[in-house]
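Engineer: Input final.tsv, format and content: TSV, C-alpha atoms.
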chain	number	residue	atom	x	y	z
A	1	MET	CA	86.25	131.53	102.60
A	2	LYS	CA	86.66	127.80	102.33
A	3	VAL	CA	84.62	125.96	99.74
A	4	ALA	CA	82.65	123.96	102.30
A	5	ALA	CA	81.72	127.05	104.27
A	6	PHE	CA	80.73	128.84	101.12
A	7	LEU	CA	78.55	125.96	100.02
A	8	ALA	CA	76.92	125.85	103.44
A	9	LEU	CA	75.57	129.34	102.77
A	10	LEU	CA	74.14	128.15	99.49
A	11	PRO	CA	71.96	125.13	100.22
A	12	ALA	CA	70.86	124.70	96.64
A	13	ALA	CA	74.38	124.81	95.30
A	14	GLY	CA	75.54	122.50	98.10
A	15	SER	CA	72.84	120.00	97.26
A	16	ALA	CA	73.82	120.09	93.63
A	17	ALA	CA	77.46	119.43	94.50
A	18	ALA	CA	76.49	116.58	96.81
A	19	ALA	CA	74.35	115.09	94.07
A	20	THR	CA	77.25	115.34	91.66
A	21	ASP	CA	79.52	113.62	94.17
A	22	ALA	CA	76.96	110.88	94.73
A	23	ALA	CA	76.60	110.35	91.00
A	24	LEU	CA	80.38	110.23	90.60
A	25	LEU	CA	80.68	107.64	93.36
A	26	ARG	CA	77.88	105.53	91.90
A	27	ARG	CA	79.59	105.61	88.53
A	28	GLY	CA	82.88	104.76	90.18
A	29	GLU	CA	81.35	101.78	91.94
A	30	GLN	CA	80.04	100.53	88.60
A	31	VAL	CA	83.51	100.84	87.10
A	32	TYR	CA	84.95	99.03	90.12
A	33	ASP	CA	82.67	96.08	89.31
A	34	ARG	CA	85.03	95.42	86.40
A	35	CYS	CA	87.78	94.66	88.89
A	36	ALA	CA	85.81	91.95	90.71
A	37	ALA	CA	87.46	88.98	89.01
A	38	CYS	CA	90.70	89.80	90.81
A	39	HIS	CA	90.05	92.42	93.49
A	40	ALA	CA	87.82	93.25	96.42
A	41	ILE	CA	87.94	96.06	98.93
A	42	GLU	CA	88.27	93.92	102.06
A	43	GLN	CA	89.51	90.51	100.87
A	44	HIS	CA	92.75	89.56	99.20
A	45	ARG	CA	91.85	87.78	96.02
A	46	THR	CA	93.92	87.01	92.93
A	47	GLY	CA	95.04	90.60	93.45
A	48	PRO	CA	95.40	92.42	96.75
A	49	ALA	CA	92.56	93.93	98.77
A	50	HIS	CA	92.26	97.67	98.31
A	51	CYS	CA	91.35	98.58	101.91
A	52	GLY	CA	93.79	101.25	103.13
A	53	LEU	CA	95.23	101.77	99.65
A	54	PHE	CA	95.67	105.54	99.66
A	55	GLY	CA	98.97	106.61	101.16
A	56	ARG	CA	100.33	103.07	101.01
A	57	LYS	CA	103.46	102.09	99.13
A	58	ALA	CA	102.72	99.91	96.10
A	59	GLY	CA	103.24	96.22	96.78
A	60	ALA	CA	102.75	96.54	100.52
A	61	ALA	CA	99.19	95.49	101.38
A	62	PRO	CA	99.40	93.62	104.71
A	63	GLY	CA	98.97	89.88	104.27
A	64	TYR	CA	99.20	89.77	100.49
A	65	ALA	CA	102.17	87.75	99.23
A	66	HIS	CA	101.71	87.60	95.48
A	67	TYR	CA	103.00	90.93	94.22
A	68	SER	CA	105.22	91.11	91.17
A	69	GLU	CA	108.77	92.25	91.83
A	70	ALA	CA	108.08	95.02	89.35
A	71	LEU	CA	105.31	96.56	91.44
A	72	LYS	CA	107.21	96.15	94.70
A	73	LYS	CA	110.16	97.98	93.19
A	74	SER	CA	108.08	100.62	91.41
A	75	GLY	CA	108.45	103.23	94.16
A	76	ILE	CA	104.82	104.22	93.72
A	77	VAL	CA	102.87	105.56	96.66
A	78	TRP	CA	99.18	105.42	95.93
A	79	ASP	CA	97.30	108.70	95.68
A	80	ASP	CA	94.77	110.13	93.24
A	81	LYS	CA	97.37	110.95	90.65
A	82	SER	CA	99.49	107.78	90.80
A	83	LEU	CA	96.44	105.54	90.90
A	84	ALA	CA	94.83	107.26	87.90
A	85	ARG	CA	98.07	107.00	85.96
A	86	PHE	CA	98.49	103.30	86.75
A	87	LEU	CA	94.87	102.44	85.97
A	88	ALA	CA	95.13	104.13	82.59
A	89	ASP	CA	97.76	101.65	81.39
A	90	PRO	CA	99.10	99.31	84.08
A	91	MET	CA	101.52	97.32	81.90
A	92	THR	CA	103.19	100.43	80.54
A	93	VAL	CA	103.39	102.29	83.83
A	94	VAL	CA	104.79	99.23	85.64
A	95	PRO	CA	106.34	96.87	83.08
A	96	GLY	CA	106.26	93.39	84.56
A	97	THR	CA	103.18	93.95	86.70
A	98	SER	CA	100.88	90.98	87.24
A	99	MET	CA	97.92	93.26	86.56
A	100	THR	CA	97.74	92.28	82.93
A	101	TYR	CA	94.86	94.58	82.09
A	102	LEU	CA	94.68	97.00	79.18
A	103	GLY	CA	93.42	99.77	81.43
A	104	VAL	CA	90.58	102.13	82.22
A	105	THR	CA	91.13	104.32	79.20
A	106	ASP	CA	88.25	106.79	79.62
A	107	PRO	CA	89.44	109.73	81.81
A	108	ARG	CA	85.96	110.32	83.21
A	109	GLU	CA	85.65	106.68	84.20
A	110	ARG	CA	89.09	106.83	85.83
A	111	GLU	CA	88.09	109.94	87.77
A	112	ALA	CA	84.95	108.20	89.01
A	113	LEU	CA	86.82	105.00	89.84
A	114	VAL	CA	89.51	106.82	91.81
A	115	ALA	CA	86.85	108.85	93.66
A	116	TYR	CA	84.99	105.66	94.58
A	117	MET	CA	88.16	103.86	95.65
A	118	ARG	CA	89.29	106.82	97.76
A	119	GLN	CA	86.06	106.60	99.75
A	120	ALA	CA	85.59	102.82	99.82
A	121	THR	CA	89.14	102.07	100.88
A	122	LYS	CA	89.02	104.23	103.99
A	123	GLU	CA	85.66	102.96	105.24
A	124	CYS	CA	86.59	99.30	105.37
A	125	LYS	CA	88.16	96.50	107.38
A	126	LEU	CA	90.81	94.28	105.83
A	127	ALA	CA	89.81	90.62	106.20
A	128	ARG	CA	92.47	88.40	107.76
B	1	MET	CA	95.69	78.30	59.28
B	2	GLU	CA	96.20	74.57	58.97
B	3	GLN	CA	97.76	71.85	60.98
B	4	GLN	CA	98.49	68.42	59.50
B	5	GLY	CA	96.31	69.22	56.52
B	6	GLN	CA	93.26	70.06	58.62
B	7	PRO	CA	91.74	73.53	58.83
B	8	PHE	CA	92.74	75.03	62.13
B	9	SER	CA	90.06	75.55	64.71
B	10	PHE	CA	90.65	75.75	68.41
B	11	ILE	CA	87.02	75.21	69.25
B	12	ASN	CA	85.61	71.71	69.31
B	13	PRO	CA	81.84	72.13	69.22
B	14	GLY	CA	81.21	68.42	69.40
B	15	ARG	CA	82.36	67.95	72.95
B	16	ARG	CA	79.35	68.18	75.23
B	17	ASN	CA	78.14	71.11	73.16
B	18	ALA	CA	80.51	73.30	75.11
B	19	LEU	CA	83.02	75.85	74.00
B	20	VAL	CA	86.09	73.76	74.42
B	21	LEU	CA	89.55	74.57	73.19
B	22	THR	CA	90.96	71.65	71.28
B	23	ALA	CA	94.26	70.10	72.08
B	24	GLY	CA	95.27	71.47	68.69
B	25	ALA	CA	95.09	75.00	70.01
B	26	VAL	CA	97.64	74.24	72.66
B	27	ALA	CA	99.65	71.98	70.37
B	28	LEU	CA	99.91	74.81	67.89
B	29	LEU	CA	101.55	76.85	70.56
B	30	ALA	CA	104.26	74.23	70.72
B	31	GLY	CA	105.24	75.12	67.19
B	32	ARG	CA	105.94	78.62	68.34
B	33	GLU	CA	107.69	77.49	71.47
B	34	ALA	CA	111.21	77.47	70.11
B	35	LEU	CA	110.74	80.84	68.53
B	36	ALA	CA	109.13	82.26	71.59
B	37	LYS	CA	111.51	80.95	74.23
B	38	GLY	CA	113.61	83.66	75.70
B	39	GLN	CA	111.75	86.44	73.98
B	40	PRO	CA	110.15	89.19	76.06
B	41	THR	CA	106.92	88.86	74.10
B	42	SER	CA	106.57	85.28	75.28
B	43	GLU	CA	107.25	86.30	78.85
B	44	ALA	CA	104.49	88.88	78.65
B	45	ASP	CA	102.05	86.31	77.27
B	46	VAL	CA	102.95	83.90	80.06
B	47	ARG	CA	102.30	86.64	82.61
B	48	ILE	CA	98.89	87.39	81.10
B	49	LEU	CA	98.02	83.68	81.03
B	50	ASN	CA	99.13	83.20	84.62
B	51	THR	CA	97.06	86.11	85.90
B	52	ALA	CA	94.04	84.65	84.12
B	53	LEU	CA	94.88	81.21	85.49
B	54	ALA	CA	95.07	82.54	89.05
B	55	ALA	CA	91.63	84.12	88.67
B	56	GLU	CA	90.18	80.91	87.17
B	57	LEU	CA	91.53	78.83	90.05
B	58	GLU	CA	90.00	81.29	92.49
B	59	ALA	CA	86.68	81.07	90.64
B	60	VAL	CA	86.74	77.27	90.99
B	61	ALA	CA	87.26	77.71	94.73
B	62	ALA	CA	84.51	80.34	94.96
B	63	TYR	CA	82.00	78.04	93.27
B	64	GLN	CA	83.04	75.25	95.61
B	65	ALA	CA	82.38	77.51	98.58
B	66	GLY	CA	79.01	78.42	97.10
B	67	ALA	CA	78.11	74.79	96.45
B	68	GLU	CA	79.06	73.82	100.01
B	69	SER	CA	77.23	76.76	101.58
B	70	GLY	CA	73.96	74.86	101.75
B	71	LEU	CA	72.24	77.94	100.38
B	72	LEU	CA	71.81	76.86	96.77
B	73	GLY	CA	68.58	75.12	95.80
B	74	THR	CA	68.06	72.23	93.40
B	75	THR	CA	67.87	74.53	90.39
B	76	ALA	CA	70.81	76.79	91.13
B	77	LYS	CA	73.30	74.24	92.44
B	78	PRO	CA	73.65	72.17	89.22
B	79	ILE	CA	74.12	75.39	87.25
B	80	ALA	CA	76.80	76.57	89.66
B	81	LEU	CA	78.59	73.23	89.45
B	82	GLN	CA	78.43	73.29	85.65
B	83	PHE	CA	79.96	76.78	85.62
B	84	GLN	CA	82.61	75.63	88.08
B	85	GLY	CA	83.46	72.88	85.60
B	86	HIS	CA	83.88	75.50	82.87
B	87	HIS	CA	86.29	77.45	85.05
B	88	ARG	CA	88.22	74.26	85.74
B	89	GLU	CA	88.48	73.66	81.97
B	90	HIS	CA	89.63	77.24	81.44
B	91	ALA	CA	92.29	76.74	84.11
B	92	ASP	CA	93.50	73.50	82.53
B	93	LEU	CA	93.78	75.15	79.13
B	94	LEU	CA	95.60	78.21	80.48
B	95	ALA	CA	98.04	76.08	82.50
B	96	GLY	CA	98.77	74.00	79.40
B	97	ALA	CA	99.44	77.11	77.34
B	98	VAL	CA	101.84	78.45	80.00
B	99	ARG	CA	103.77	75.18	79.92
B	100	LYS	CA	103.92	75.17	76.12
B	101	LEU	CA	105.47	78.63	76.25
B	102	GLY	CA	108.10	77.37	78.67
B	103	GLY	CA	106.60	79.00	81.74
B	104	LYS	CA	105.50	77.68	85.10
B	105	PRO	CA	101.75	77.79	85.72
B	106	VAL	CA	100.63	79.33	88.99
B	107	GLU	CA	99.01	76.87	91.36
B	108	ALA	CA	95.83	77.12	93.36
B	109	ARG	CA	96.37	78.85	96.67
B	110	SER	CA	96.02	76.90	99.87
B	111	ARG	CA	93.48	79.39	101.15
B	112	TYR	CA	91.07	81.88	99.60
B	113	SER	CA	89.21	84.68	101.30
B	114	PHE	CA	85.58	85.09	100.33
B	115	PRO	CA	82.98	87.17	102.18
B	116	LEU	CA	81.12	84.06	103.32
B	117	GLU	CA	79.75	85.81	106.41
B	118	LYS	CA	77.78	88.08	104.10
B	119	LEU	CA	76.20	85.21	102.15
B	120	LYS	CA	72.93	84.46	103.92
B	121	SER	CA	70.70	83.28	101.10
B	122	GLU	CA	70.73	81.76	97.64
B	123	ALA	CA	70.27	85.25	96.20
B	124	ASP	CA	73.41	86.43	98.03
B	125	VAL	CA	75.45	83.54	96.62
B	126	LEU	CA	74.16	84.13	93.10
B	127	ARG	CA	74.86	87.87	93.38
B	128	PHE	CA	78.40	87.14	94.51
B	129	ALA	CA	78.94	84.67	91.67
B	130	ALA	CA	77.46	87.14	89.19
B	131	GLY	CA	79.94	89.76	90.38
B	132	LEU	CA	82.84	87.41	89.77
B	133	GLU	CA	81.58	86.58	86.29
B	134	ARG	CA	81.02	90.23	85.43
B	135	GLY	CA	84.57	90.95	86.55
B	136	ALA	CA	85.85	88.05	84.50
B	137	VAL	CA	84.25	89.49	81.38
B	138	SER	CA	86.13	92.74	81.89
B	139	ALA	CA	89.35	90.95	82.81
B	140	TYR	CA	89.38	88.94	79.58
B	141	LEU	CA	88.17	91.91	77.53
B	142	ASN	CA	91.20	93.82	78.76
B	143	ALA	CA	93.57	90.90	78.32
B	144	VAL	CA	92.65	89.95	74.75
B	145	PRO	CA	94.34	92.97	73.11
B	146	LEU	CA	97.51	92.47	75.16
B	147	PHE	CA	98.54	89.09	73.79
B	148	ASN	CA	101.40	89.03	71.35
B	149	ASP	CA	100.17	85.74	69.96
B	150	ARG	CA	96.82	86.23	68.27
B	151	ARG	CA	95.93	82.59	68.81
B	152	LEU	CA	96.12	83.20	72.53
B	153	ALA	CA	93.95	86.27	72.10
B	154	GLN	CA	91.41	84.11	70.30
B	155	ALA	CA	91.52	81.53	73.06
B	156	ALA	CA	91.00	84.24	75.68
B	157	ALA	CA	88.09	85.66	73.67
B	158	SER	CA	86.51	82.21	73.65
B	159	ILE	CA	86.69	82.13	77.44
B	160	LEU	CA	85.33	85.68	77.57
B	161	GLY	CA	82.24	84.51	75.69
B	162	ASP	CA	81.69	81.74	78.23
B	163	GLU	CA	82.04	84.14	81.18
B	164	ALA	CA	79.54	86.51	79.58
B	165	MET	CA	77.04	83.67	79.24
B	166	HIS	CA	77.51	82.79	82.92
B	167	TRP	CA	76.88	86.39	83.90
B	168	ALA	CA	73.77	86.62	81.72
B	169	VAL	CA	72.35	83.43	83.24
B	170	PHE	CA	72.87	84.78	86.75
B	171	ARG	CA	71.23	88.07	85.82
B	172	GLN	CA	68.27	86.14	84.41
B	173	VAL	CA	67.97	83.95	87.50
B	174	GLN	CA	68.11	87.02	89.76
B	175	GLY	CA	65.42	88.78	87.76
B	176	GLU	CA	67.71	91.61	86.70
B	177	THR	CA	66.32	93.74	83.91
B	178	PRO	CA	67.38	94.12	81.27
B	179	VAL	CA	69.01	90.70	81.40
B	180	VAL	CA	71.70	91.90	79.02
B	181	PRO	CA	72.44	95.38	80.31
B	182	ALA	CA	74.04	96.97	77.27
B	183	ALA	CA	75.15	96.45	73.71
B	184	PHE	CA	78.80	96.84	74.68
B	185	MET	CA	80.90	95.74	77.63
B	186	SER	CA	83.82	97.42	79.31
Give the structure from this file in structure tokens form.

Structural biologist:
Amino acid sequence: MKVAAFLALLPAAGSAAAATDAALLRRGEQVYDRCAACHAIEQHRTGPAHCGLFGRKAGAAPGYAHYSEALKKSGIVWDDKSLARFLADPMTVVPGTSMTYLGVTDPREREALVAYMRQATKECKLAR
Amino acid sequence: MEQQGQPFSFINPGRRNALVLTAGAVALLAGREALAKGQPTSEADVRILNTALAAELEAVAAYQAGAESGLLGTTAKPIALQFQGHHREHADLLAGAVRKLGGKPVEARSRYSFPLEKLKSEADVLRFAAGLERGAVSAYLNAVPLFNDRRLAQAAASILGDEAMHWAVFRQVQGETPVVPAAFMS
């Protein structure tokens, strides 16, 4: 039995899981606030917009022309794992990146941030 | 540390009572220039400075958009323009430091994209500005430990303090409680 179907038979457990998800997303949004000097979901800023990030090749956001050569050549495709790894220590994972940021070093904060970004970047419209 | 017999300080408290980096801070960097040129550590510092510079130039543009929105009242607008002036001073300092290290400072972009269609009131503009300032605090907090030159780290920390004050003022104006949300920042 799939997890969703199983949870549907257990309303209380399902509610608890949903609450956990909601809390994780709220926490992730708070962590994302740290990115606001350079990033937004729908607008290119000093850094690229994040809309449509998951599944996209690094350095390939449509309309953003300020990537470092290092990121463009990194070969990264953004998913939960690659994003978490990069956010933990951007300058080590991609030497030469313009994202000169120490990193989101707390694993729980990274998990929340990635969860929030996964949701926020698929329910968005890239500003042109 | 001393320069020309004077105790070194990169902060000049006498200038308009603002946190202002003295010319000496940048001039000191010149002394390191020859040593630093061509070294990867210098390149990394230039990259960090240029990312900060790009964000400062964008902040100047964002405040300009806010000031021209017609949404700011007679109390908020002078504050916003004062903070814009701080960001302009930050940008000038950062660009000077990049040059002293032999790098090329990034320039302001010809066009910025802000969510102006979502700014309908003074509160919206202040919330947007507060978000930028909060992000700037984190950006500098995460840049300070990356500098190879500790004097640059100190300069960045000085800017961080200014950004944190901007954020606190906006939180106060917006009635956020507590005004200072925590003992530590991330």

Engineer: How many Å separate atom CA of A:Gly28 from atom CA of A:Thr46?

Structural biologist: 21.1 Å

Engineer: Kindly give the distance, in Å, that separates atom CA of B:Gly70 and atom CA of B:Leu126, rounded to a single decimal.

Structural biologist: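 Between these atoms lies a distance of 12.7 Å.
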
Engineer: If we count only C-alpha atoms and set the cut-off at 12 Å, which residues sit around B:Thr75, ignoring sequence neighbours fewer than 5 positions away in its own chain? Please answer as a CSV table (one decimal) with C-alpha atoms, in the frame of the given file.

Structural biologist:
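Everything below was put into around.csv:
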chain,number,residue,atom,x,y,z
B,67,ALA,CA,78.1,74.8,96.4
B,80,ALA,CA,76.8,76.6,89.7
B,81,LEU,CA,78.6,73.2,89.4
B,82,GLN,CA,78.4,73.3,85.6
B,122,GLU,CA,70.7,81.8,97.6
B,126,LEU,CA,74.2,84.1,93.1
B,170,PHE,CA,72.9,84.8,86.8
B,173,VAL,CA,68.0,84.0,87.5

Engineer: For A:Gln43, please output as a list in words all residues within 7 Å (counting all atoms listed in the file; exclusion window: fewer than 4 positions along the same chain).

Structural biologist: Ala49, Leu126 and Ala127 of chain A; Ser113 and Phe114 of chain B

Engineer: Could the residues in this selection be written to a file with C-alpha atoms, as a PDB file, keeping the file's coordinate frame?

Structural biologist:
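Resulting contents of result-v3.pdb:
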ATOM      1  CA  ALA A  49      92.560  93.930  98.770  1.00  0.00           C
ATOM      2  CA  LEU A 126      90.810  94.280 105.830  1.00  0.00           C
ATOM      3  CA  ALA A 127      89.810  90.620 106.200  1.00  0.00           C
TER       4      ALA A 127
ATOM      5  CA  SER B 113      89.210  84.680 101.300  1.00  0.00           C
ATOM      6  CA  PHE B 114      85.580  85.090 100.330  1.00  0.00           C
TER       7      PHE B 114
END

Engineer: Within 7 Å of chain A, which residues of chain B show up when using only C-alpha atoms, listed as a ChimeraX atom specification?

Structural biologist: /B:47-48,51,54-55,58,112-114,131-136,138-139,142-143,146

Engineer: Go ahead and find all residues with at least one atom no further than 10 Å from (89.0, 83.0, 77.7) in the file's coordinates, using all atoms listed in the file; report them as a PyMOL selection string.

Structural biologist: chain B and resi 21+49+52-53+56+87+90-91+93-94+136-137+139-141+143-144+152-163

Engineer: Write out the residues from the selection above, keeping C-alpha atoms, as a short mmCIF file (atom, residue, chain, number, x, y, z; two decimals), in the frame of the given file.

Structural biologist:
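Dumped to part31.cif:
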data_model
loop_
_atom_site.label_atom_id
_atom_site.label_comp_id
_atom_site.auth_asym_id
_atom_site.auth_seq_id
_atom_site.Cartn_x
_atom_site.Cartn_y
_atom_site.Cartn_z
CA LEU B 21 89.55 74.57 73.19
CA LEU B 49 98.02 83.68 81.03
CA ALA B 52 94.04 84.65 84.12
CA LEU B 53 94.88 81.21 85.49
CA GLU B 56 90.18 80.91 87.17
CA HIS B 87 86.29 77.45 85.05
CA HIS B 90 89.63 77.24 81.44
CA ALA B 91 92.29 76.74 84.11
CA LEU B 93 93.78 75.15 79.13
CA LEU B 94 95.60 78.21 80.48
CA ALA B 136 85.85 88.05 84.50
CA VAL B 137 84.25 89.49 81.38
CA ALA B 139 89.35 90.95 82.81
CA TYR B 140 89.38 88.94 79.58
CA LEU B 141 88.17 91.91 77.53
CA ALA B 143 93.57 90.90 78.32
CA VAL B 144 92.65 89.95 74.75
CA LEU B 152 96.12 83.20 72.53
CA ALA B 153 93.95 86.27 72.10
CA GLN B 154 91.41 84.11 70.30
CA ALA B 155 91.52 81.53 73.06
CA ALA B 156 91.00 84.24 75.68
CA ALA B 157 88.09 85.66 73.67
CA SER B 158 86.51 82.21 73.65
CA ILE B 159 86.69 82.13 77.44
CA LEU B 160 85.33 85.68 77.57
CA GLY B 161 82.24 84.51 75.69
CA ASP B 162 81.69 81.74 78.23
CA GLU B 163 82.04 84.14 81.18
#

Engineer: May I ask you to restore N, CA and C atoms in stretch 51-62 of chain B and write the result as an mmCIF file, in the frame of the given file?

Structural biologist:
data_model
loop_
_atom_site.group_PDB
_atom_site.id
_atom_site.type_symbol
_atom_site.label_atom_id
_atom_site.label_comp_id
_atom_site.auth_asym_id
_atom_site.auth_seq_id
_atom_site.Cartn_x
_atom_site.Cartn_y
_atom_site.Cartn_z
ATOM 1 N N THR B 51 98.032 85.299 85.151
ATOM 2 C CA THR B 51 97.060 86.110 85.900
ATOM 3 C C THR B 51 95.647 85.570 85.670
ATOM 4 N N ALA B 52 95.355 85.238 84.417
ATOM 5 C CA ALA B 52 94.040 84.650 84.120
ATOM 6 C C ALA B 52 93.876 83.307 84.816
ATOM 7 N N LEU B 53 94.933 82.522 84.822
ATOM 8 C CA LEU B 53 94.880 81.210 85.490
ATOM 9 C C LEU B 53 94.606 81.366 86.982
ATOM 10 N N ALA B 54 95.287 82.318 87.617
ATOM 11 C CA ALA B 54 95.070 82.540 89.050
ATOM 12 C C ALA B 54 93.605 82.890 89.327
ATOM 13 N N ALA B 55 93.033 83.730 88.475
ATOM 14 C CA ALA B 55 91.630 84.120 88.670
ATOM 15 C C ALA B 55 90.699 82.933 88.420
ATOM 16 N N GLU B 56 91.022 82.096 87.444
ATOM 17 C CA GLU B 56 90.180 80.910 87.170
ATOM 18 C C GLU B 56 90.228 79.935 88.349
ATOM 19 N N LEU B 57 91.408 79.741 88.902
ATOM 20 C CA LEU B 57 91.530 78.830 90.050
ATOM 21 C C LEU B 57 90.754 79.376 91.249
ATOM 22 N N GLU B 58 90.774 80.692 91.402
ATOM 23 C CA GLU B 58 90.000 81.290 92.490
ATOM 24 C C GLU B 58 88.498 81.132 92.236
ATOM 25 N N ALA B 59 88.101 81.251 90.972
ATOM 26 C CA ALA B 59 86.680 81.070 90.640
ATOM 27 C C ALA B 59 86.229 79.645 90.950
ATOM 28 N N VAL B 60 87.068 78.668 90.649
ATOM 29 C CA VAL B 60 86.740 77.270 90.990
ATOM 30 C C VAL B 60 86.506 77.148 92.493
ATOM 31 N N ALA B 61 87.394 77.765 93.271
ATOM 32 C CA ALA B 61 87.260 77.710 94.730
ATOM 33 C C ALA B 61 86.010 78.452 95.203
ATOM 34 N N ALA B 62 85.700 79.566 94.563
ATOM 35 C CA ALA B 62 84.510 80.340 94.960
ATOM 36 C C ALA B 62 83.243 79.529 94.707
#
